[in-house]
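Data block for coords-v3.txt (compact mmCIF, C-alpha atoms):
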# COMPACT_ATOMS: atom_id res chain seq x y z
CA MET A 10 6.75 10.36 -24.31
CA LYS A 11 8.25 9.75 -20.86
CA ILE A 12 4.83 8.82 -19.47
CA LYS A 13 4.22 6.30 -22.28
CA ILE A 14 7.60 4.66 -21.66
CA THR A 15 6.90 4.44 -17.92
CA ILE A 16 3.48 2.86 -18.50
CA ALA A 17 5.00 0.32 -20.90
CA LEU A 18 7.63 -0.64 -18.31
CA LEU A 19 4.97 -1.08 -15.63
CA ILE A 20 2.84 -3.29 -17.90
CA LEU A 21 5.90 -5.41 -18.76
CA PHE A 22 6.69 -5.69 -15.05
CA ASN A 23 3.15 -6.81 -14.27
CA VAL A 24 3.20 -9.51 -16.93
CA THR A 25 6.59 -11.00 -16.15
CA ILE A 26 6.61 -11.30 -12.36
CA LYS A 27 4.72 -13.87 -10.35
CA SER A 28 2.73 -12.22 -7.58
CA GLN A 29 2.75 -13.66 -4.08
CA GLU A 30 0.05 -11.51 -2.51
CA LEU A 31 -3.10 -10.00 -3.98
CA ASN A 32 -4.57 -7.07 -2.06
CA VAL A 33 -7.59 -4.78 -2.08
CA LYS A 34 -7.73 -1.51 -0.16
CA ILE A 35 -9.87 1.44 0.84
CA ASN A 36 -8.60 4.78 2.16
CA GLY A 37 -9.77 8.24 3.06
CA GLY A 38 -8.58 11.68 4.18
CA PRO A 39 -7.87 15.18 2.82
CA SER A 40 -7.26 14.74 -0.90
CA GLY A 41 -6.94 17.26 -3.72
CA ILE A 42 -4.77 20.16 -4.88
CA LEU A 43 -2.44 22.24 -2.72
CA TYR A 44 -2.78 25.80 -4.03
CA ASP A 45 -0.10 28.48 -3.75
CA SER A 46 -1.75 31.83 -4.52
CA THR A 47 -0.93 35.42 -3.66
CA ILE A 48 -4.51 36.66 -4.18
CA GLY A 49 -6.59 33.71 -2.99
CA ASN A 50 -6.77 30.68 -0.72
CA GLY A 51 -7.35 27.01 -1.51
CA THR A 52 -8.60 24.39 0.96
CA LEU A 53 -8.32 20.61 0.74
CA LYS A 54 -11.50 18.67 1.43
CA PHE A 55 -12.17 15.05 2.35
CA GLY A 56 -11.68 12.48 -0.37
CA GLY A 57 -11.19 8.75 -0.58
CA GLY A 58 -10.48 5.86 -2.87
CA ILE A 59 -10.18 2.17 -3.56
CA GLY A 60 -7.39 0.12 -5.09
CA VAL A 61 -6.25 -3.33 -6.12
CA GLY A 62 -2.70 -4.58 -6.44
CA TYR A 63 -0.23 -7.29 -5.71
CA THR A 64 3.12 -7.65 -4.01
CA TYR A 65 6.01 -9.89 -5.02
CA PHE A 66 8.21 -10.74 -2.01
CA PHE A 67 11.71 -11.60 -3.19
CA SER A 68 12.94 -12.18 0.38
CA LYS A 69 11.49 -12.77 3.81
CA ASN A 70 11.18 -9.04 4.55
CA TRP A 71 11.39 -7.22 1.21
CA GLY A 72 9.04 -7.05 -1.74
CA ILE A 73 7.84 -4.81 -4.55
CA SER A 74 4.20 -3.91 -5.23
CA THR A 75 2.13 -2.32 -7.96
CA GLY A 76 -1.52 -2.14 -9.04
CA ILE A 77 -4.04 0.64 -9.65
CA ASP A 78 -5.71 3.17 -7.31
CA VAL A 79 -8.81 5.27 -8.01
CA MET A 80 -9.35 8.42 -5.92
CA TYR A 81 -12.07 11.05 -5.50
CA ASN A 82 -10.53 14.47 -4.77
CA GLN A 83 -12.09 17.81 -3.90
CA ASN A 84 -11.14 21.41 -3.07
CA SER A 85 -12.51 24.86 -2.54
CA PHE A 86 -10.82 28.08 -3.70
CA LYS A 87 -11.68 31.65 -2.69
CA LEU A 88 -10.44 34.77 -4.47
CA ASN A 89 -9.66 37.79 -2.28
CA ASP A 90 -12.08 40.70 -2.70
CA GLY A 91 -10.91 43.78 -4.59
CA ASN A 92 -8.56 42.03 -7.03
CA THR A 93 -8.98 42.76 -10.72
CA ILE A 94 -8.07 40.03 -13.22
CA ASN A 95 -6.99 41.30 -16.66
CA SER A 96 -6.88 39.64 -20.06
CA TYR A 97 -6.79 40.85 -23.68
CA GLU A 98 -9.87 40.35 -25.86
CA VAL A 99 -11.37 41.49 -29.18
CA ASP A 100 -14.89 42.96 -29.26
CA ASP A 101 -17.59 42.52 -31.91
CA GLN A 102 -16.06 45.41 -33.91
CA THR A 103 -12.66 43.62 -34.00
CA SER A 104 -11.17 46.21 -31.67
CA ALA A 105 -8.62 44.96 -29.11
CA PHE A 106 -9.12 45.93 -25.48
CA GLU A 107 -8.15 44.98 -21.94
CA TYR A 108 -10.88 42.92 -20.29
CA ARG A 109 -11.08 43.60 -16.54
CA VAL A 110 -13.02 41.45 -14.05
CA THR A 111 -13.37 42.57 -10.41
CA SER A 112 -15.18 40.13 -8.12
CA SER A 113 -16.75 40.12 -4.67
CA LYS A 114 -16.97 36.87 -2.65
CA TYR A 115 -15.75 34.81 -5.58
CA LYS A 116 -15.60 31.08 -4.71
CA GLU A 117 -15.08 27.78 -6.51
CA GLU A 118 -16.05 24.27 -5.38
CA GLN A 119 -13.87 21.78 -7.27
CA HIS A 120 -13.66 18.01 -7.60
CA PHE A 121 -12.09 15.42 -9.89
CA ILE A 122 -11.49 11.68 -10.11
CA SER A 123 -7.98 10.34 -10.66
CA ALA A 124 -6.30 7.01 -11.31
CA ALA A 125 -2.77 6.19 -10.17
CA ILE A 126 -0.30 3.38 -10.86
CA PRO A 127 2.01 2.80 -7.85
CA LEU A 128 5.45 1.21 -7.75
CA LEU A 129 6.50 0.77 -4.13
CA MET A 130 9.17 -1.07 -2.20
CA GLN A 131 7.65 -3.00 0.70
CA TYR A 132 9.35 -3.94 3.97
CA ARG A 133 7.74 -5.92 6.76
CA THR A 134 9.03 -7.52 9.93
CA ALA A 135 7.57 -9.40 12.90
CA PHE A 136 6.27 -7.15 15.66
CA ALA A 137 4.60 -9.78 17.82
CA SER A 138 2.91 -13.14 17.35
CA ASN A 139 0.73 -12.89 14.18
CA THR A 140 1.50 -9.15 13.94
CA GLN A 141 3.94 -7.34 11.66
CA TRP A 142 5.05 -3.76 11.04
CA TYR A 143 5.16 -2.74 7.39
CA LEU A 144 6.56 0.18 5.40
CA GLY A 145 5.97 1.04 1.76
CA PHE A 146 7.80 3.79 -0.13
CA GLY A 147 8.25 4.76 -3.76
CA GLY A 148 6.27 6.64 -6.37
CA LYS A 149 3.07 6.79 -8.37
CA ILE A 150 1.97 8.13 -11.74
CA LEU A 151 -1.27 10.11 -11.37
CA PHE A 152 -3.72 10.42 -14.25
CA PRO A 153 -6.39 13.01 -13.29
CA GLY A 154 -9.72 13.35 -15.01
CA LYS A 155 -11.22 16.75 -15.81
CA GLN A 156 -11.83 19.01 -12.84
CA THR A 157 -15.44 20.08 -12.34
CA VAL A 158 -15.64 23.70 -11.14
CA LYS A 159 -18.78 25.23 -9.60
CA ALA A 160 -18.09 28.97 -9.42
CA SER A 161 -20.12 31.69 -7.70
CA ALA A 162 -19.78 35.36 -6.73
CA ASP A 163 -21.92 37.95 -4.99
CA GLN A 164 -20.91 40.43 -7.66
CA LEU A 165 -18.86 40.63 -10.85
CA GLN A 166 -17.85 43.95 -12.38
CA LEU A 167 -17.01 43.44 -16.08
CA SER A 168 -15.14 46.34 -17.71
CA GLY A 169 -13.28 47.04 -20.93
CA TYR A 170 -10.34 49.43 -21.28
CA TYR A 171 -9.38 50.63 -24.78
CA PRO A 172 -5.80 51.92 -24.54
CA ASP A 173 -5.84 53.54 -28.01
CA LEU A 174 -8.75 55.75 -26.91
CA ASN A 175 -7.88 55.83 -23.20
CA LEU A 176 -11.50 54.79 -22.67
CA LEU A 177 -12.94 52.64 -19.85
CA ILE A 178 -16.40 51.13 -20.42
CA ASP A 179 -18.06 49.57 -17.36
CA ASP A 180 -21.80 50.02 -18.01
CA LEU A 181 -22.73 48.79 -21.47
CA PRO A 182 -24.52 45.44 -20.84
CA SER A 183 -25.51 44.88 -24.47
CA HIS A 184 -21.80 44.71 -25.40
CA GLY A 185 -20.63 42.60 -22.44
CA PHE A 186 -19.75 45.31 -19.90
CA GLY A 187 -21.58 45.89 -16.62
CA GLN A 188 -22.35 44.51 -13.21
CA VAL A 189 -23.58 40.94 -12.55
CA ASN A 190 -25.09 40.11 -9.15
CA ASN A 191 -25.51 36.68 -7.48
CA TRP A 192 -23.66 34.99 -10.31
CA LYS A 193 -23.24 31.20 -10.62
CA ASP A 194 -21.87 28.91 -13.32
CA GLU A 195 -20.18 25.53 -13.83
CA THR A 196 -17.29 24.50 -16.07
CA LYS A 197 -14.65 21.79 -16.53
CA THR A 198 -10.90 22.29 -16.72
CA SER A 199 -8.21 19.88 -17.92
CA LEU A 200 -5.37 18.72 -15.64
CA ASP A 201 -1.94 17.32 -16.44
CA PRO A 202 -0.57 13.95 -15.20
CA SER A 203 1.76 14.17 -12.24
CA PHE A 204 4.51 12.12 -10.58
CA LEU A 205 3.93 11.47 -6.88
CA LEU A 206 6.10 10.51 -3.93
CA SER A 207 4.27 7.89 -1.88
CA LEU A 208 4.67 6.56 1.66
CA GLU A 209 2.58 4.18 3.75
CA THR A 210 3.13 2.45 7.07
CA GLY A 211 1.24 0.56 9.75
CA LEU A 212 0.59 -2.91 11.20
CA THR A 213 -0.57 -6.17 9.67
CA PHE A 214 -2.61 -8.79 11.49
CA LYS A 215 -2.92 -12.42 10.44
CA ILE A 216 -6.65 -13.25 10.43
CA LYS A 217 -6.43 -16.52 8.47
CA GLU A 218 -3.70 -18.83 7.21
CA LYS A 219 -3.31 -16.86 3.97
CA THR A 220 -5.10 -13.59 4.80
CA GLN A 221 -3.52 -10.44 6.29
CA LEU A 222 -5.30 -7.26 7.46
CA TYR A 223 -3.23 -4.10 6.89
CA THR A 224 -4.08 -1.00 8.96
CA GLY A 225 -2.11 2.23 8.71
CA VAL A 226 -1.64 5.68 7.25
CA TYR A 227 -0.53 6.94 3.84
CA VAL A 228 0.57 10.14 2.09
CA ASP A 229 0.97 10.98 -1.63
CA TYR A 230 2.65 14.24 -2.70
CA GLY A 231 2.92 15.60 -6.24
CA LEU A 232 6.29 16.58 -7.70
CA THR A 233 4.82 18.44 -10.70
CA ASN A 234 1.96 20.88 -11.24
CA LEU A 235 -1.49 19.57 -12.16
CA ALA A 236 -2.71 22.76 -13.83
CA LYS A 237 -2.43 23.34 -17.56
CA GLU A 238 -1.12 26.91 -17.96
CA THR A 239 -3.64 29.41 -19.39
CA PRO A 240 -2.08 32.78 -18.52
CA ASP A 241 -4.35 34.79 -20.89
CA LEU A 242 -7.63 33.28 -19.67
CA ASN A 243 -9.76 35.37 -17.32
CA ILE A 244 -11.90 33.87 -14.56
CA VAL A 245 -15.01 34.46 -16.72
CA ALA A 246 -15.33 34.60 -20.50
CA TYR A 247 -16.03 37.83 -22.40
CA ASP A 248 -19.38 37.76 -24.26
CA PRO A 249 -19.92 40.63 -26.74
CA ASN A 250 -23.65 39.84 -26.84
CA GLY A 251 -24.39 40.67 -23.22
CA ILE A 252 -23.70 39.87 -19.57
CA ASP A 253 -26.72 37.66 -18.76
CA ASN A 254 -24.97 34.40 -19.67
CA THR A 255 -21.48 35.10 -18.34
CA GLN A 256 -19.58 31.81 -18.39
CA ALA A 257 -16.95 30.64 -15.90
CA ASN A 258 -13.40 29.75 -16.99
CA GLY A 259 -12.01 28.83 -13.55
CA THR A 260 -8.91 30.07 -11.79
CA ILE A 261 -6.60 27.04 -11.75
CA GLY A 262 -4.68 27.66 -14.99
CA ASN A 263 -4.04 31.39 -14.59
CA LYS A 264 -0.49 31.80 -13.25
CA ARG A 265 -1.27 35.34 -12.07
CA ILE A 266 -3.86 33.86 -9.71
CA VAL A 267 -2.42 30.45 -8.79
CA GLN A 268 1.35 29.96 -8.87
CA ASP A 269 1.58 26.31 -7.76
CA THR A 270 -0.79 23.34 -7.98
CA ARG A 271 0.62 20.20 -6.32
CA TYR A 272 -1.37 17.07 -5.55
CA LEU A 273 -1.69 15.95 -1.92
CA SER A 274 -3.59 13.04 -0.42
CA ALA A 275 -3.15 11.74 3.13
CA GLY A 276 -5.15 9.74 5.62
CA VAL A 277 -5.85 6.25 6.90
CA GLN A 278 -6.21 3.06 4.90
CA LEU A 279 -7.25 -0.56 5.29
CA LYS A 280 -6.01 -3.41 3.10
CA LEU A 281 -6.73 -7.10 2.86
CA GLY A 282 -3.85 -9.19 1.55
CA PHE A 283 -4.45 -12.67 0.15
CA SER A 284 -1.35 -14.85 -0.18
CA LEU A 285 -1.06 -16.78 -3.45
CA ALA A 286 2.04 -18.76 -2.44
CA LYS A 287 1.67 -22.54 -2.56
CA ASP A 288 2.55 -24.72 0.41
CA LYS A 289 5.81 -26.58 -0.18
CA PRO A 290 4.80 -29.87 1.53
CA GLN A 291 1.86 -30.52 -0.82
CA PRO A 292 3.88 -32.22 -3.57
CA VAL A 293 5.38 -34.57 -0.92
CA GLN A 294 1.90 -35.69 0.15
CA GLN A 295 0.84 -36.31 -3.44
CA LYS A 296 3.90 -38.48 -4.09
CA THR A 297 3.25 -40.55 -0.96
CA GLU A 298 -0.38 -41.13 -1.94
CA THR A 299 0.62 -42.14 -5.47
CA VAL A 300 3.09 -44.73 -4.19
CA THR A 301 0.50 -46.18 -1.83
CA GLN A 302 -2.13 -46.48 -4.58
CA LYS A 303 0.27 -48.20 -6.97
CA GLU A 304 1.31 -50.70 -4.27
CA ASP A 305 -2.34 -51.32 -3.30
CA VAL A 306 -3.49 -52.28 -6.84
CA PRO A 307 -2.70 -56.02 -6.51
CA VAL A 308 -5.02 -56.41 -3.48
CA GLN A 309 -5.03 -60.24 -3.74
CA GLU A 310 -1.28 -60.55 -3.17
CA PRO A 311 -0.57 -60.40 0.59
CA PRO A 312 3.25 -60.26 0.21
CA VAL A 313 2.99 -56.99 -1.71
CA GLN A 314 0.79 -55.43 0.98
CA GLN A 315 3.33 -56.36 3.65
CA LYS A 316 6.05 -54.51 1.72
CA VAL A 317 3.92 -51.36 1.67
CA VAL A 318 3.62 -51.47 5.45
CA GLU A 319 7.37 -51.79 5.79
CA THR A 320 8.06 -48.91 3.33
CA VAL A 321 5.63 -46.40 4.86
CA PRO A 322 5.33 -47.15 8.59
CA VAL A 323 2.42 -45.45 10.30
CA LYS A 324 2.31 -45.15 14.07
CA THR A 325 -0.65 -44.32 16.22
CA GLU A 326 1.54 -42.63 18.82
CA LEU A 327 5.15 -41.66 19.43
CA THR A 328 7.36 -43.50 21.86
CA THR A 329 8.59 -41.91 25.08
CA GLU A 330 12.13 -41.82 23.71
CA GLU A 331 10.99 -40.00 20.55
CA ARG A 332 9.03 -37.46 22.57
CA ASN A 333 11.99 -36.82 24.86
CA TYR A 334 14.30 -36.41 21.84
CA ILE A 335 12.07 -33.67 20.50
CA GLU A 336 10.92 -31.89 23.68
CA LYS A 337 13.49 -32.26 26.45
CA LYS A 338 16.42 -30.41 24.97
CA PRO A 339 15.82 -26.91 23.43
CA LEU A 340 17.49 -25.96 20.16
CA ALA A 341 20.43 -23.68 21.01
CA PHE A 342 20.95 -20.33 19.22
CA GLN A 343 23.86 -19.24 21.40
CA GLU A 344 25.13 -16.21 19.46
CA VAL A 345 23.45 -12.84 20.08
CA GLY A 346 21.03 -12.04 17.26
CA ASN A 347 21.55 -15.36 15.45
CA THR A 348 18.40 -16.54 13.66
CA SER A 349 19.91 -19.16 11.32
CA VAL A 350 19.88 -22.94 11.66
CA THR A 351 23.45 -24.14 12.34
CA PRO A 352 24.83 -27.45 10.99
CA GLU A 353 24.55 -28.95 14.48
CA LEU A 354 20.87 -27.98 14.69
CA ALA A 355 20.28 -29.21 11.13
CA SER A 356 21.46 -32.71 12.05
CA ARG A 357 19.03 -32.88 14.96
CA LEU A 358 16.16 -31.38 12.93
CA ASP A 359 16.68 -34.06 10.27
CA GLU A 360 15.96 -36.71 12.91
CA ILE A 361 12.99 -34.74 14.25
CA ALA A 362 11.54 -34.52 10.74
CA LYS A 363 11.76 -38.30 10.37
CA ILE A 364 9.93 -38.79 13.67
CA LEU A 365 7.18 -36.33 12.71
CA LYS A 366 6.69 -38.04 9.34
CA SER A 367 6.03 -41.32 11.11
CA ASN A 368 3.01 -39.84 12.88
CA GLN A 369 0.83 -37.56 10.75
CA ASP A 370 -1.60 -36.82 13.63
CA THR A 371 0.90 -34.92 15.76
CA ASP A 372 1.33 -31.11 15.51
CA LEU A 373 4.32 -29.10 16.70
CA ASN A 374 4.43 -25.84 18.68
CA ILE A 375 7.67 -23.92 18.01
CA THR A 376 8.53 -21.10 20.42
CA GLY A 377 11.51 -18.76 20.12
CA TYR A 378 13.33 -17.16 23.09
CA THR A 379 16.17 -14.67 23.68
CA CYS A 380 18.29 -13.42 26.55
CA ASP A 381 17.65 -9.95 28.04
CA ILE A 382 20.03 -8.04 25.73
CA GLY A 383 18.07 -5.44 23.70
CA THR A 384 14.51 -4.09 23.90
CA LYS A 385 11.49 -6.27 24.57
CA GLU A 386 10.09 -5.48 21.12
CA ARG A 387 13.31 -6.43 19.35
CA ASN A 388 13.63 -9.62 21.39
CA LEU A 389 10.08 -10.65 20.45
CA GLU A 390 11.04 -10.13 16.81
CA ILE A 391 14.25 -12.18 17.09
CA GLY A 392 12.39 -14.95 18.95
CA MET A 393 9.86 -15.17 16.11
CA GLN A 394 12.63 -15.20 13.50
CA ARG A 395 14.32 -18.12 15.28
CA ALA A 396 11.03 -20.04 15.42
CA GLN A 397 10.43 -19.28 11.75
CA ALA A 398 13.90 -20.54 10.77
CA VAL A 399 13.23 -23.88 12.48
CA ALA A 400 9.77 -24.09 10.86
CA ASP A 401 11.17 -23.35 7.38
CA TYR A 402 13.77 -26.10 7.79
CA LEU A 403 11.15 -28.67 8.80
CA LYS A 404 8.86 -27.63 5.95
CA ASN A 405 11.69 -28.16 3.48
CA LYS A 406 12.02 -31.66 4.94
CA GLY A 407 8.40 -32.42 4.10
CA ILE A 408 6.51 -31.46 7.27
CA GLN A 409 3.18 -29.84 6.36
CA SER A 410 2.83 -26.18 7.29
CA ASN A 411 -0.59 -26.74 8.90
CA ARG A 412 1.07 -28.97 11.51
CA ILE A 413 3.43 -26.20 12.64
CA HIS A 414 2.43 -23.36 15.00
CA LEU A 415 4.82 -20.47 15.74
CA PHE A 416 5.22 -18.41 18.90
CA SER A 417 7.71 -15.94 20.37
CA LYS A 418 8.24 -15.11 24.03
CA GLY A 419 11.37 -13.01 23.58
CA GLU A 420 13.23 -12.45 26.82
CA SER A 421 10.31 -13.61 29.00
CA GLU A 422 10.41 -17.06 30.62
CA PRO A 423 14.21 -17.50 30.65
CA LEU A 424 15.48 -21.06 31.03
CA VAL A 425 18.03 -19.86 33.61
CA PRO A 426 18.62 -16.44 35.22
CA ASN A 427 20.38 -14.02 32.89
CA THR A 428 22.97 -13.28 35.55
CA PRO A 429 25.80 -14.14 35.54
CA ALA A 430 26.48 -13.31 31.88
CA GLU A 431 27.59 -16.90 31.22
CA ASN A 432 23.95 -17.97 31.51
CA LYS A 433 22.69 -15.76 28.69
CA PRO A 434 23.56 -18.15 25.79
CA LEU A 435 21.36 -20.83 27.40
CA ASN A 436 18.33 -18.54 27.05
CA ARG A 437 18.87 -18.01 23.30
CA ARG A 438 16.89 -21.04 22.23
CA VAL A 439 13.87 -22.55 20.50
CA SER A 440 11.63 -25.02 22.28
CA LEU A 441 9.57 -27.76 20.60
CA ILE A 442 6.32 -29.08 22.11
CA LEU A 443 4.30 -31.91 20.56
CA VAL A 444 0.52 -31.52 20.30
CA ASP A 445 -1.37 -34.77 19.83
CA GLY A 446 -4.28 -34.75 17.38
CA LYS A 447 -7.74 -35.80 18.45
Mind turning this structure into structure tokens?
Amino acid sequence: MKIKITIALLILFNVTIKSQELNVKINGGPSGILYDSTIGNGTLKFGGGIGVGYTYFFSKNWGISTGIDVMYNQNSFKLNDGNTINSYEVDDQTSAFEYRVTSSKYKEEQHFISAAIPLLMQYRTAFASNTQWYLGFGGKILFPGKQTVKASADQLQLSGYYPDLNLLIDDLPSHGFGQVNNWKDETKTSLDPSFLLSLETGLTFKIKEKTQLYTGVYVDYGLTNLAKETPDLNIVAYDPNGIDNTQANGTIGNKRIVQDTRYLSAGVQLKLGFSLAKDKPQPVQQKTETVTQKEDVPVQEPPVQQKVVETVPVKTELTTEERNYIEKKPLAFQEVGNTSVTPELASRLDEIAKILKSNQDTDLNITGYTCDIGTKERNLEIGMQRAQAVADYLKNKGIQSNRIHLFSKGESEPLVPNTPAENKPLNRRVSLILVDGK
């Protein structure tokens, strides 16, 4: 019931939120079941998977993601020699007895396919120009398919002990007791769903305007057991008609053999993220074009055309005064760690936006700087955040995003020496450089 409620909540979540980034991924590494056994040993083998999902970013750094992952998982399990596995059976004469199976070189090769629904919190922050560090953490619901088990043994000794008669029968093949050599068989066992803890981290690289490449590592760990408990099931089935077709049952569900069965998957992964967010300036362009078309309809009326030119002035180049207003004086972010546009900066940026609107062929390079307080990595991050804050303000004023190019130089290239300390505020700045179109 709990699983059904969780699935319903996830479906409702998927329907109601608007995704900002669609992603596809591929991963690989050891993936399968961690066995805890006192009489055997399990080994994880290489697995891998694919997944699709999306992330909704509700702030600049934080988001929430979901989707679906499909994984191929595999294991091997070896039973120690000399152990006898007991279970209670009834023979063809309806007599109850203790069925004893002693194996030599018993081994199972196991694999299964699983699907998982993740729900992860995502955090990302600028690491360098066009590079970010990301962290995802949360949980998954794992739905495993049936486990395929290929079992083999050099030798199986099948015996029956009748306690009422104090009789042990170990050499009566026609009734299911005897020795089987070079035995092999295959079976399938059912597994239970499991809740997983999930963690992923790495770097993202901007490869196109709306495309990010994620590279990193991941780990998923199960909080509950995958095995369905079958404490009375032996590793092979009793057959009262003989020992020639002895069938495998598998070891995973027998608590006397395997005490714990937790899921584990870890390795490396690659993701491609495709942003679905719309550019804010687009509606502004459409409105401008609509006004121009409406004013241009009466082509034969020269006075109307002259009004259009006065309403939407278009310049072929900026004046020297306009260029100096934009480029000569950096935007001051004097407080340590400040990455927000102050009212004083807003007033100047309003004028800069007006100038940029008058010439649509001019791009703008925005570069953020810091003083030498803090690490180089942190200063690069703060510099990028300052540049981004200026870019966001200009975009909100109608400047197209494709005209804006962001950079961060952190504490490098100070405007003035950082000593004495009074100079440091002058280095906490953002510079603007105009780039003329061809």
### Task
Using only C-alpha atoms, find the one residue out of A:Ala355, A:Gly49, A:Gly58, A:Ile382 that sits nearest to Thr428 (chain A).
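Of A:Ala355, A:Gly49, A:Gly58, A:Ile382, the one nearest Thr428 (chain A), counting only C-alpha atoms, is A:Ile382.
If all atoms listed in the file are the atoms counted, then among A:Glu107, A:Glu30, A:Asp445, A:Glu117 the closest residue to Gly76 (chain A) is A:Glu30.
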### Query
Which distance in Å separates CA of Tyr170 (chain A) and CA of Val245 (chain A), to one decimal?
16.3 Å
### Query
Quick one, how far is CA of Pro127 (chain A) from CA of Val277 (chain A)?
17.1 Å
Padded axis-aligned box of region 361-376 of chain A (6 Å per side), centre and edge lengths, Å, one decimal, as AutoDock Vina command-line options:
--center_x 5.7 --center_y -31.2 --center_z 14.9 --size_x 26.6 --size_y 32.2 --size_z 23.1
#### Entry: Closest of A:Val345, A:Ile361, A:Gln369, A:Ile244 to Gly383 (chain A) - atom-to-atom distances counting all atoms listed in the file
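Comparing A:Val345, A:Ile361, A:Gln369, A:Ile244 against Gly383 (chain A), the winner is A:Val345.
Counting all atoms listed in the file, the residue from A:Asn139, A:Thr270, A:Asn388, A:Asn50 that sits nearest to Leu212 (chain A) is A:Asn139.
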### Query
When you draw a straight line from CA of Val189 (chain A) to CA of Ser112 (chain A), how long is it in Å?
9.5 Å
### Query
Neighbours of Gly346 (chain A) within 9 Å (only C-alpha atoms; same-chain residues fewer than 2 positions away dropped), as a VMD selection string?
chain A and resid 342 to 344 348 379 388 391 437
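Comparing the minimum interatomic distances between Thr93 (chain A) and each of A:Ile266, A:Ala246, A:Gly38, A:Val425, counting only C-alpha atoms, we find that A:Ile266 sits nearest.
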#### Entry: Surrounding residues of Arg332 (chain A) excluding itself and chain neighbours under 2 positions, 12 Å, all atoms listed in the file, as number ranges by chain
A: 326-330, 334-338, 360-361, 364-365, 368, 371, 373, 441-445
### Query
Pick from A:Asn405, A:Thr255, A:Ser40, A:Thr224: nearest to Asn191 (chain A), with all atoms listed in the file counted?
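Going through A:Asn405, A:Thr255, A:Ser40, A:Thr224 one by one, the smallest distance to Asn191 (chain A) is for A:Thr255.
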